[in-house]
Amino acid sequence: MSKNDMDTFLNQQAEKLKNLEAIPQKLDGLESYPLSASQCLYIHNFQTKSISFQKGVSEFLGYSQDEFNSQLVNSFFHPQDKAIVSRLIQASVSYAIENKFSQDAHLSLTYRIRKKNGEYIKILRQSKVFEADKDGHLVSNFSLLTDISYMDTSNCVEWNFDANYLDQAAFKRYVGHQYENFFSARQFEVIKGITEGLNSKEIADLLFISRHTVDTHRKNILKKARCKNSVELISFCKKNGLI
């Protein structure tokens, strides 16, 4: 699946989740929520830092109810995806907690997670506000995990976050803040050159370093950002508020 196709898919799924009226607003109503064999759901309470409800987890991922806790949910990412996914989740949750978002606020993420048997699968995580306090701030969210390994074999992490009255520019700056120290100062200089359309030799001349050093930086930058080429890297940087 190409990056454009994945963006389209995420937007479609986000719209479905945004318009989904079937999510019960009480925990006992979730018992009857329909799931396929390749899905599970849970409620993450950010005040108590606990998983207050889960369904289909043991069947889908193999974890027992006690094993599938807040700590696991925040750590069972693929090592190569962890740095990016952790930042995106932290940004969206923190932003939602600090701002008043209604039930329409939703996050869609694709990344790899580890099942109990050690197997990594690519999943689509769709999260919505489940409970807010009297002031409208996020208390807990609903997350639906779906195995999409059959349709997405890439290692790219993709995301979509939206809500009514969301200032996308402000949110991207918020996400960008989460990436402090993700790239080194020198890597940011190389990225700046790439976004300006410079080739490796031109970047090397500008920074007074060798072309080989620039090529090494480019390779490491692409690997860290989970991108295949400069076009994807520029898209990644724009989407994540880095440029």
# chains A, B, ... in the order shown; residues from 1 in each chain; ligands from 1
>>> residues_around(residues="Arg218 in chain A", least_positions_apart="3", cutoff="8 Å", atoms="only C-alpha atoms", output="PyMOL selection string")
chain A and resi 187+190-191+214-215+221-222
>>> write_last_selection(atoms="N, CA and C atoms", output="compact mmCIF listing (two decimals), in the first residue's frame")
# COMPACT_ATOMS: atom_id res chain seq x y z
N GLN A 187 21.74 16.59 12.26
CA GLN A 187 20.73 15.95 11.41
C GLN A 187 19.66 16.95 10.99
N VAL A 190 20.98 18.89 8.13
CA VAL A 190 20.90 18.12 6.88
C VAL A 190 19.46 18.09 6.38
N ILE A 191 18.51 17.89 7.29
CA ILE A 191 17.09 17.89 6.91
C ILE A 191 16.71 19.22 6.28
N VAL A 214 27.50 13.47 4.94
CA VAL A 214 26.11 13.85 4.65
C VAL A 214 25.29 12.62 4.28
N ASP A 215 25.86 11.76 3.42
CA ASP A 215 25.15 10.55 3.01
C ASP A 215 24.86 9.65 4.22
N ILE A 221 18.90 9.39 9.15
CA ILE A 221 17.67 10.17 9.29
C ILE A 221 16.48 9.39 8.74
N LEU A 222 16.65 8.81 7.55
CA LEU A 222 15.57 8.04 6.94
C LEU A 222 15.20 6.84 7.81
>>> residues_around(residues="range 154-167 of chain A", least_positions_apart="2", cutoff="7 Å", atoms="only C-alpha atoms", output="PyMOL selection string")
chain A and resi 10+81+101+104-111+152+169-171+226-227
>>> write_last_selection(atoms="N, CA and C atoms", output="tab-separated table (two decimals), in the first residue's frame")
chain	number	residue	atom	x	y	z
A	10	LEU	N	-6.58	5.98	6.18
A	10	LEU	CA	-6.67	6.54	7.53
A	10	LEU	C	-7.78	7.59	7.62
A	81	ASP	N	9.49	1.31	15.99
A	81	ASP	CA	8.35	2.24	15.93
A	81	ASP	C	8.18	3.03	17.22
A	101	PHE	N	-12.08	18.75	24.41
A	101	PHE	CA	-12.53	18.11	23.19
A	101	PHE	C	-13.77	17.28	23.48
A	104	ASP	N	-16.18	13.77	19.60
A	104	ASP	CA	-15.76	13.61	18.21
A	104	ASP	C	-14.24	13.51	18.07
A	105	ALA	N	-13.48	13.89	19.10
A	105	ALA	CA	-12.02	13.86	19.01
A	105	ALA	C	-11.55	12.43	18.79
A	106	HIS	N	-10.69	12.22	17.80
A	106	HIS	CA	-10.27	10.86	17.49
A	106	HIS	C	-8.85	10.84	16.94
A	107	LEU	N	-8.15	9.76	17.26
A	107	LEU	CA	-6.78	9.52	16.81
A	107	LEU	C	-6.72	8.18	16.10
A	108	SER	N	-6.12	8.16	14.92
A	108	SER	CA	-5.87	6.92	14.20
A	108	SER	C	-4.37	6.78	14.01
A	109	LEU	N	-3.84	5.60	14.33
A	109	LEU	CA	-2.41	5.34	14.24
A	109	LEU	C	-2.17	3.95	13.65
A	110	THR	N	-1.17	3.82	12.79
A	110	THR	CA	-0.76	2.49	12.35
A	110	THR	C	0.67	2.26	12.81
A	111	TYR	N	0.89	1.12	13.46
A	111	TYR	CA	2.22	0.77	13.93
A	111	TYR	C	2.25	-0.72	14.27
A	152	ASP	N	-1.07	-3.95	4.91
A	152	ASP	CA	0.03	-2.98	5.06
A	152	ASP	C	1.26	-3.70	5.57
A	169	ALA	N	-2.63	23.64	12.94
A	169	ALA	CA	-1.29	24.24	12.98
A	169	ALA	C	-0.72	24.21	14.39
A	170	ALA	N	-1.57	24.55	15.37
A	170	ALA	CA	-1.13	24.55	16.76
A	170	ALA	C	-0.81	23.13	17.22
A	171	PHE	N	-1.62	22.17	16.77
A	171	PHE	CA	-1.37	20.79	17.17
A	171	PHE	C	-0.07	20.28	16.56
A	226	ARG	N	11.62	6.29	9.71
A	226	ARG	CA	10.89	5.20	9.06
A	226	ARG	C	10.43	5.61	7.67
A	227	CYS	N	11.30	6.31	6.93
A	227	CYS	CA	10.98	6.77	5.59
A	227	CYS	C	11.89	6.10	4.57
>>> closest_atom_pairs(of="range 21-65 of chain A", to="range 142-146 of chain A", cutoff="9 Å", atoms="only C-alpha atoms", output="Markdown table")
| residue | atom | partner | partner_atom | distance |
| --- | --- | --- | --- | --- |
| A:Ile23 | CA | A:Phe142 | CA | 8.5 |
| A:Ser36 | CA | A:Thr146 | CA | 8.7 |
| A:Ser38 | CA | A:Thr146 | CA | 5.9 |
| A:Gln39 | CA | A:Thr146 | CA | 4.6 |
| A:Cys40 | CA | A:Leu145 | CA | 5.4 |
| A:Leu41 | CA | A:Leu144 | CA | 4.4 |
| A:Tyr42 | CA | A:Ser143 | CA | 5.5 |
| A:Ile43 | CA | A:Phe142 | CA | 4.7 |
| A:His44 | CA | A:Phe142 | CA | 6.8 |
>>> write_last_selection(atoms="N, CA and C atoms", output="mmCIF file, in the first residue's frame")
data_model
loop_
_atom_site.group_PDB
_atom_site.id
_atom_site.type_symbol
_atom_site.label_atom_id
_atom_site.label_comp_id
_atom_site.auth_asym_id
_atom_site.auth_seq_id
_atom_site.Cartn_x
_atom_site.Cartn_y
_atom_site.Cartn_z
ATOM 1 N N ILE A 23 -20.631 3.428 20.038
ATOM 2 C CA ILE A 23 -19.772 3.242 21.202
ATOM 3 C C ILE A 23 -20.544 3.622 22.458
ATOM 4 N N SER A 36 -14.323 -8.539 15.562
ATOM 5 C CA SER A 36 -13.914 -9.680 14.751
ATOM 6 C C SER A 36 -12.769 -10.386 15.477
ATOM 7 N N SER A 38 -9.823 -10.486 14.653
ATOM 8 C CA SER A 38 -8.583 -9.714 14.517
ATOM 9 C C SER A 38 -8.713 -8.328 15.145
ATOM 10 N N GLN A 39 -9.543 -8.243 16.187
ATOM 11 C CA GLN A 39 -9.744 -6.965 16.862
ATOM 12 C C GLN A 39 -9.821 -7.147 18.378
ATOM 13 N N CYS A 40 -9.520 -6.075 19.086
ATOM 14 C CA CYS A 40 -9.782 -6.008 20.518
ATOM 15 C C CYS A 40 -10.010 -4.542 20.867
ATOM 16 N N LEU A 41 -10.557 -4.305 22.038
ATOM 17 C CA LEU A 41 -10.781 -2.927 22.466
ATOM 18 C C LEU A 41 -10.459 -2.796 23.947
ATOM 19 N N TYR A 42 -10.200 -1.567 24.359
ATOM 20 C CA TYR A 42 -9.955 -1.308 25.777
ATOM 21 C C TYR A 42 -10.232 0.155 26.097
ATOM 22 N N ILE A 43 -10.442 0.415 27.381
ATOM 23 C CA ILE A 43 -10.606 1.770 27.890
ATOM 24 C C ILE A 43 -9.401 2.091 28.764
ATOM 25 N N HIS A 44 -8.721 3.175 28.442
ATOM 26 C CA HIS A 44 -7.537 3.595 29.201
ATOM 27 C C HIS A 44 -7.907 4.826 30.020
#
>>> select_by_dssp(residues="range 1-218 of chain A", states="helix (DSSP H, G or I)", output="ChimeraX atom specification")
/A:3-18,27-32,57-60,70-73,79-98,168-178,185-195,200-207,211-218
>>> closest_residue(among="A:Leu35, A:Val129, A:Thr195, A:Glu189", to="Ile209 in chain A", atoms="only C-alpha atoms")
A:Glu189
>>> select_by_dssp(residues="range 141-240 of chain A", states="strand (DSSP E)", output="PyMOL selection string")
chain A and resi 141-147+158-162
>>> write_last_selection(atoms="all heavy atoms", output="compact mmCIF listing (two decimals), in the first residue's frame")
# COMPACT_ATOMS: atom_id res chain seq x y z
N ASN A 141 -10.04 7.19 27.37
CA ASN A 141 -10.37 7.04 25.96
C ASN A 141 -10.66 5.59 25.60
O ASN A 141 -10.27 4.66 26.31
CB ASN A 141 -9.29 7.64 25.05
CG ASN A 141 -8.01 6.83 25.02
OD1 ASN A 141 -7.86 5.82 25.70
ND2 ASN A 141 -7.05 7.28 24.22
N PHE A 142 -11.37 5.45 24.51
CA PHE A 142 -11.74 4.15 23.94
C PHE A 142 -10.77 3.87 22.80
O PHE A 142 -10.55 4.73 21.94
CB PHE A 142 -13.17 4.24 23.42
CG PHE A 142 -13.59 3.13 22.48
CD1 PHE A 142 -14.34 2.07 22.95
CD2 PHE A 142 -13.27 3.17 21.13
CE1 PHE A 142 -14.76 1.06 22.08
CE2 PHE A 142 -13.68 2.17 20.26
CZ PHE A 142 -14.43 1.11 20.74
N SER A 143 -10.15 2.68 22.78
CA SER A 143 -9.25 2.32 21.69
C SER A 143 -9.64 0.98 21.09
O SER A 143 -9.87 0.00 21.81
CB SER A 143 -7.80 2.24 22.18
OG SER A 143 -7.29 3.52 22.48
N LEU A 144 -9.72 0.96 19.78
CA LEU A 144 -10.02 -0.25 19.02
C LEU A 144 -8.78 -0.60 18.21
O LEU A 144 -8.28 0.22 17.43
CB LEU A 144 -11.21 0.00 18.09
CG LEU A 144 -11.59 -1.13 17.12
CD1 LEU A 144 -12.13 -2.33 17.89
CD2 LEU A 144 -12.63 -0.64 16.11
N LEU A 145 -8.26 -1.82 18.41
CA LEU A 145 -7.08 -2.28 17.67
C LEU A 145 -7.52 -3.29 16.62
O LEU A 145 -8.25 -4.23 16.92
CB LEU A 145 -6.06 -2.94 18.61
CG LEU A 145 -5.58 -2.15 19.82
CD1 LEU A 145 -4.48 -2.91 20.54
CD2 LEU A 145 -5.11 -0.76 19.42
N THR A 146 -7.05 -3.10 15.38
CA THR A 146 -7.41 -3.98 14.27
C THR A 146 -6.14 -4.42 13.55
O THR A 146 -5.29 -3.58 13.21
CB THR A 146 -8.34 -3.27 13.27
OG1 THR A 146 -9.51 -2.79 13.95
CG2 THR A 146 -8.75 -4.21 12.15
N ASP A 147 -6.00 -5.71 13.31
CA ASP A 147 -4.85 -6.23 12.58
C ASP A 147 -4.98 -5.85 11.10
O ASP A 147 -5.95 -6.23 10.44
CB ASP A 147 -4.81 -7.76 12.72
CG ASP A 147 -3.55 -8.38 12.12
OD1 ASP A 147 -2.77 -7.65 11.47
OD2 ASP A 147 -3.35 -9.59 12.30
N GLU A 158 1.92 5.78 10.47
CA GLU A 158 1.05 6.83 9.94
C GLU A 158 0.05 7.23 11.01
O GLU A 158 -0.29 6.43 11.89
CB GLU A 158 0.31 6.34 8.69
CG GLU A 158 1.22 5.94 7.53
CD GLU A 158 1.91 7.13 6.89
OE1 GLU A 158 1.52 8.29 7.19
OE2 GLU A 158 2.84 6.92 6.10
N TRP A 159 -0.45 8.46 10.93
CA TRP A 159 -1.41 8.90 11.94
C TRP A 159 -2.34 9.97 11.41
O TRP A 159 -2.06 10.63 10.42
CB TRP A 159 -0.69 9.43 13.18
CG TRP A 159 0.15 10.66 12.97
CD1 TRP A 159 1.45 10.71 12.56
CD2 TRP A 159 -0.26 12.03 13.14
NE1 TRP A 159 1.89 12.00 12.47
CE2 TRP A 159 0.86 12.84 12.82
CE3 TRP A 159 -1.44 12.64 13.54
CZ2 TRP A 159 0.82 14.23 12.89
CZ3 TRP A 159 -1.49 14.03 13.61
CH2 TRP A 159 -0.36 14.81 13.29
N ASN A 160 -3.46 10.10 12.11
CA ASN A 160 -4.44 11.15 11.82
C ASN A 160 -5.10 11.52 13.13
O ASN A 160 -5.54 10.65 13.87
CB ASN A 160 -5.48 10.65 10.81
CG ASN A 160 -6.56 11.68 10.53
OD1 ASN A 160 -7.44 11.91 11.35
ND2 ASN A 160 -6.52 12.28 9.35
N PHE A 161 -5.13 12.80 13.45
CA PHE A 161 -5.79 13.27 14.67
C PHE A 161 -6.70 14.43 14.30
O PHE A 161 -6.28 15.35 13.60
CB PHE A 161 -4.75 13.74 15.70
CG PHE A 161 -5.35 14.22 17.00
CD1 PHE A 161 -6.02 13.34 17.84
CD2 PHE A 161 -5.24 15.54 17.39
CE1 PHE A 161 -6.58 13.77 19.03
CE2 PHE A 161 -5.80 15.99 18.59
CZ PHE A 161 -6.46 15.09 19.42
N ASP A 162 -7.93 14.36 14.76
CA ASP A 162 -8.88 15.41 14.38
C ASP A 162 -9.93 15.58 15.47
O ASP A 162 -10.19 14.67 16.26
CB ASP A 162 -9.56 15.06 13.06
CG ASP A 162 -10.17 16.29 12.39
OD1 ASP A 162 -9.91 17.42 12.86
OD2 ASP A 162 -10.92 16.12 11.41
>>> decode(residues="range 162-187 of chain A", atoms="N, CA, C and O atoms", output="PDB file, in the first residue's frame")
ATOM      1  N   ASP A 162      -7.934  14.358  14.758  1.00  0.00           N
ATOM      2  CA  ASP A 162      -8.876  15.406  14.382  1.00  0.00           C
ATOM      3  C   ASP A 162      -9.932  15.579  15.468  1.00  0.00           C
ATOM      4  O   ASP A 162     -10.194  14.671  16.255  1.00  0.00           O
ATOM      5  N   ALA A 163     -10.503  16.747  15.494  1.00  0.00           N
ATOM      6  CA  ALA A 163     -11.589  17.074  16.424  1.00  0.00           C
ATOM      7  C   ALA A 163     -12.216  18.375  15.958  1.00  0.00           C
ATOM      8  O   ALA A 163     -11.575  19.176  15.265  1.00  0.00           O
ATOM      9  N   ASN A 164     -13.466  18.573  16.313  1.00  0.00           N
ATOM     10  CA  ASN A 164     -14.104  19.846  15.992  1.00  0.00           C
ATOM     11  C   ASN A 164     -13.325  20.989  16.638  1.00  0.00           C
ATOM     12  O   ASN A 164     -12.900  20.892  17.791  1.00  0.00           O
ATOM     13  N   TYR A 165     -13.125  22.036  15.870  1.00  0.00           N
ATOM     14  CA  TYR A 165     -12.445  23.245  16.345  1.00  0.00           C
ATOM     15  C   TYR A 165     -10.964  23.013  16.654  1.00  0.00           C
ATOM     16  O   TYR A 165     -10.340  23.825  17.337  1.00  0.00           O
ATOM     17  N   LEU A 166     -10.403  21.901  16.157  1.00  0.00           N
ATOM     18  CA  LEU A 166      -8.978  21.648  16.378  1.00  0.00           C
ATOM     19  C   LEU A 166      -8.147  22.581  15.508  1.00  0.00           C
ATOM     20  O   LEU A 166      -8.353  22.669  14.297  1.00  0.00           O
ATOM     21  N   ASP A 167      -7.212  23.276  16.121  1.00  0.00           N
ATOM     22  CA  ASP A 167      -6.266  24.119  15.398  1.00  0.00           C
ATOM     23  C   ASP A 167      -5.125  23.214  14.938  1.00  0.00           C
ATOM     24  O   ASP A 167      -4.224  22.895  15.712  1.00  0.00           O
ATOM     25  N   GLN A 168      -5.189  22.772  13.676  1.00  0.00           N
ATOM     26  CA  GLN A 168      -4.210  21.814  13.173  1.00  0.00           C
ATOM     27  C   GLN A 168      -2.791  22.368  13.240  1.00  0.00           C
ATOM     28  O   GLN A 168      -1.846  21.638  13.556  1.00  0.00           O
ATOM     29  N   ALA A 169      -2.627  23.639  12.942  1.00  0.00           N
ATOM     30  CA  ALA A 169      -1.289  24.236  12.977  1.00  0.00           C
ATOM     31  C   ALA A 169      -0.724  24.212  14.395  1.00  0.00           C
ATOM     32  O   ALA A 169       0.443  23.876  14.609  1.00  0.00           O
ATOM     33  N   ALA A 170      -1.568  24.549  15.365  1.00  0.00           N
ATOM     34  CA  ALA A 170      -1.129  24.546  16.763  1.00  0.00           C
ATOM     35  C   ALA A 170      -0.807  23.130  17.221  1.00  0.00           C
ATOM     36  O   ALA A 170       0.168  22.907  17.950  1.00  0.00           O
ATOM     37  N   PHE A 171      -1.624  22.174  16.772  1.00  0.00           N
ATOM     38  CA  PHE A 171      -1.373  20.789  17.173  1.00  0.00           C
ATOM     39  C   PHE A 171      -0.070  20.276  16.560  1.00  0.00           C
ATOM     40  O   PHE A 171       0.692  19.565  17.222  1.00  0.00           O
ATOM     41  N   LYS A 172       0.200  20.633  15.315  1.00  0.00           N
ATOM     42  CA  LYS A 172       1.451  20.201  14.689  1.00  0.00           C
ATOM     43  C   LYS A 172       2.656  20.776  15.424  1.00  0.00           C
ATOM     44  O   LYS A 172       3.678  20.110  15.580  1.00  0.00           O
ATOM     45  N   ARG A 173       2.528  22.015  15.885  1.00  0.00           N
ATOM     46  CA  ARG A 173       3.620  22.596  16.676  1.00  0.00           C
ATOM     47  C   ARG A 173       3.780  21.832  17.985  1.00  0.00           C
ATOM     48  O   ARG A 173       4.898  21.615  18.463  1.00  0.00           O
ATOM     49  N   TYR A 174       2.659  21.412  18.545  1.00  0.00           N
ATOM     50  CA  TYR A 174       2.682  20.640  19.787  1.00  0.00           C
ATOM     51  C   TYR A 174       3.365  19.294  19.551  1.00  0.00           C
ATOM     52  O   TYR A 174       4.185  18.845  20.353  1.00  0.00           O
ATOM     53  N   VAL A 175       3.022  18.650  18.430  1.00  0.00           N
ATOM     54  CA  VAL A 175       3.666  17.383  18.074  1.00  0.00           C
ATOM     55  C   VAL A 175       5.156  17.604  17.853  1.00  0.00           C
ATOM     56  O   VAL A 175       5.996  16.836  18.323  1.00  0.00           O
ATOM     57  N   GLY A 176       5.488  18.670  17.128  1.00  0.00           N
ATOM     58  CA  GLY A 176       6.890  18.967  16.855  1.00  0.00           C
ATOM     59  C   GLY A 176       7.702  19.127  18.123  1.00  0.00           C
ATOM     60  O   GLY A 176       8.871  18.721  18.185  1.00  0.00           O
ATOM     61  N   HIS A 177       7.077  19.703  19.151  1.00  0.00           N
ATOM     62  CA  HIS A 177       7.758  19.882  20.436  1.00  0.00           C
ATOM     63  C   HIS A 177       8.145  18.534  21.043  1.00  0.00           C
ATOM     64  O   HIS A 177       9.164  18.416  21.726  1.00  0.00           O
ATOM     65  N   GLN A 178       7.329  17.509  20.772  1.00  0.00           N
ATOM     66  CA  GLN A 178       7.619  16.177  21.301  1.00  0.00           C
ATOM     67  C   GLN A 178       8.854  15.554  20.640  1.00  0.00           C
ATOM     68  O   GLN A 178       9.421  14.594  21.152  1.00  0.00           O
ATOM     69  N   TYR A 179       9.253  16.115  19.499  1.00  0.00           N
ATOM     70  CA  TYR A 179      10.388  15.559  18.761  1.00  0.00           C
ATOM     71  C   TYR A 179      11.717  16.225  19.116  1.00  0.00           C
ATOM     72  O   TYR A 179      12.719  15.993  18.453  1.00  0.00           O
ATOM     73  N   GLU A 180      11.709  17.059  20.141  1.00  0.00           N
ATOM     74  CA  GLU A 180      12.974  17.644  20.580  1.00  0.00           C
ATOM     75  C   GLU A 180      13.930  16.516  20.956  1.00  0.00           C
ATOM     76  O   GLU A 180      13.562  15.578  21.661  1.00  0.00           O
ATOM     77  N   ASN A 181      15.140  16.599  20.455  1.00  0.00           N
ATOM     78  CA  ASN A 181      16.180  15.592  20.692  1.00  0.00           C
ATOM     79  C   ASN A 181      15.948  14.285  19.927  1.00  0.00           C
ATOM     80  O   ASN A 181      16.688  13.316  20.126  1.00  0.00           O
ATOM     81  N   PHE A 182      14.917  14.245  19.073  1.00  0.00           N
ATOM     82  CA  PHE A 182      14.705  13.055  18.242  1.00  0.00           C
ATOM     83  C   PHE A 182      15.789  12.989  17.171  1.00  0.00           C
ATOM     84  O   PHE A 182      16.395  11.943  16.943  1.00  0.00           O
ATOM     85  N   PHE A 183      16.019  14.120  16.505  1.00  0.00           N
ATOM     86  CA  PHE A 183      17.137  14.252  15.575  1.00  0.00           C
ATOM     87  C   PHE A 183      18.207  15.117  16.230  1.00  0.00           C
ATOM     88  O   PHE A 183      17.893  16.024  17.006  1.00  0.00           O
ATOM     89  N   SER A 184      19.458  14.848  15.901  1.00  0.00           N
ATOM     90  CA  SER A 184      20.540  15.678  16.432  1.00  0.00           C
ATOM     91  C   SER A 184      20.541  17.031  15.720  1.00  0.00           C
ATOM     92  O   SER A 184      19.892  17.211  14.681  1.00  0.00           O
ATOM     93  N   ALA A 185      21.286  17.977  16.278  1.00  0.00           N
ATOM     94  CA  ALA A 185      21.367  19.309  15.669  1.00  0.00           C
ATOM     95  C   ALA A 185      21.911  19.212  14.247  1.00  0.00           C
ATOM     96  O   ALA A 185      21.424  19.884  13.327  1.00  0.00           O
ATOM     97  N   ARG A 186      22.917  18.365  14.045  1.00  0.00           N
ATOM     98  CA  ARG A 186      23.494  18.202  12.712  1.00  0.00           C
ATOM     99  C   ARG A 186      22.491  17.560  11.759  1.00  0.00           C
ATOM    100  O   ARG A 186      22.383  17.951  10.589  1.00  0.00           O
ATOM    101  N   GLN A 187      21.736  16.587  12.260  1.00  0.00           N
ATOM    102  CA  GLN A 187      20.730  15.951  11.414  1.00  0.00           C
ATOM    103  C   GLN A 187      19.663  16.955  10.990  1.00  0.00           C
ATOM    104  O   GLN A 187      19.197  16.930   9.850  1.00  0.00           O
TER     105      GLN A 187
END
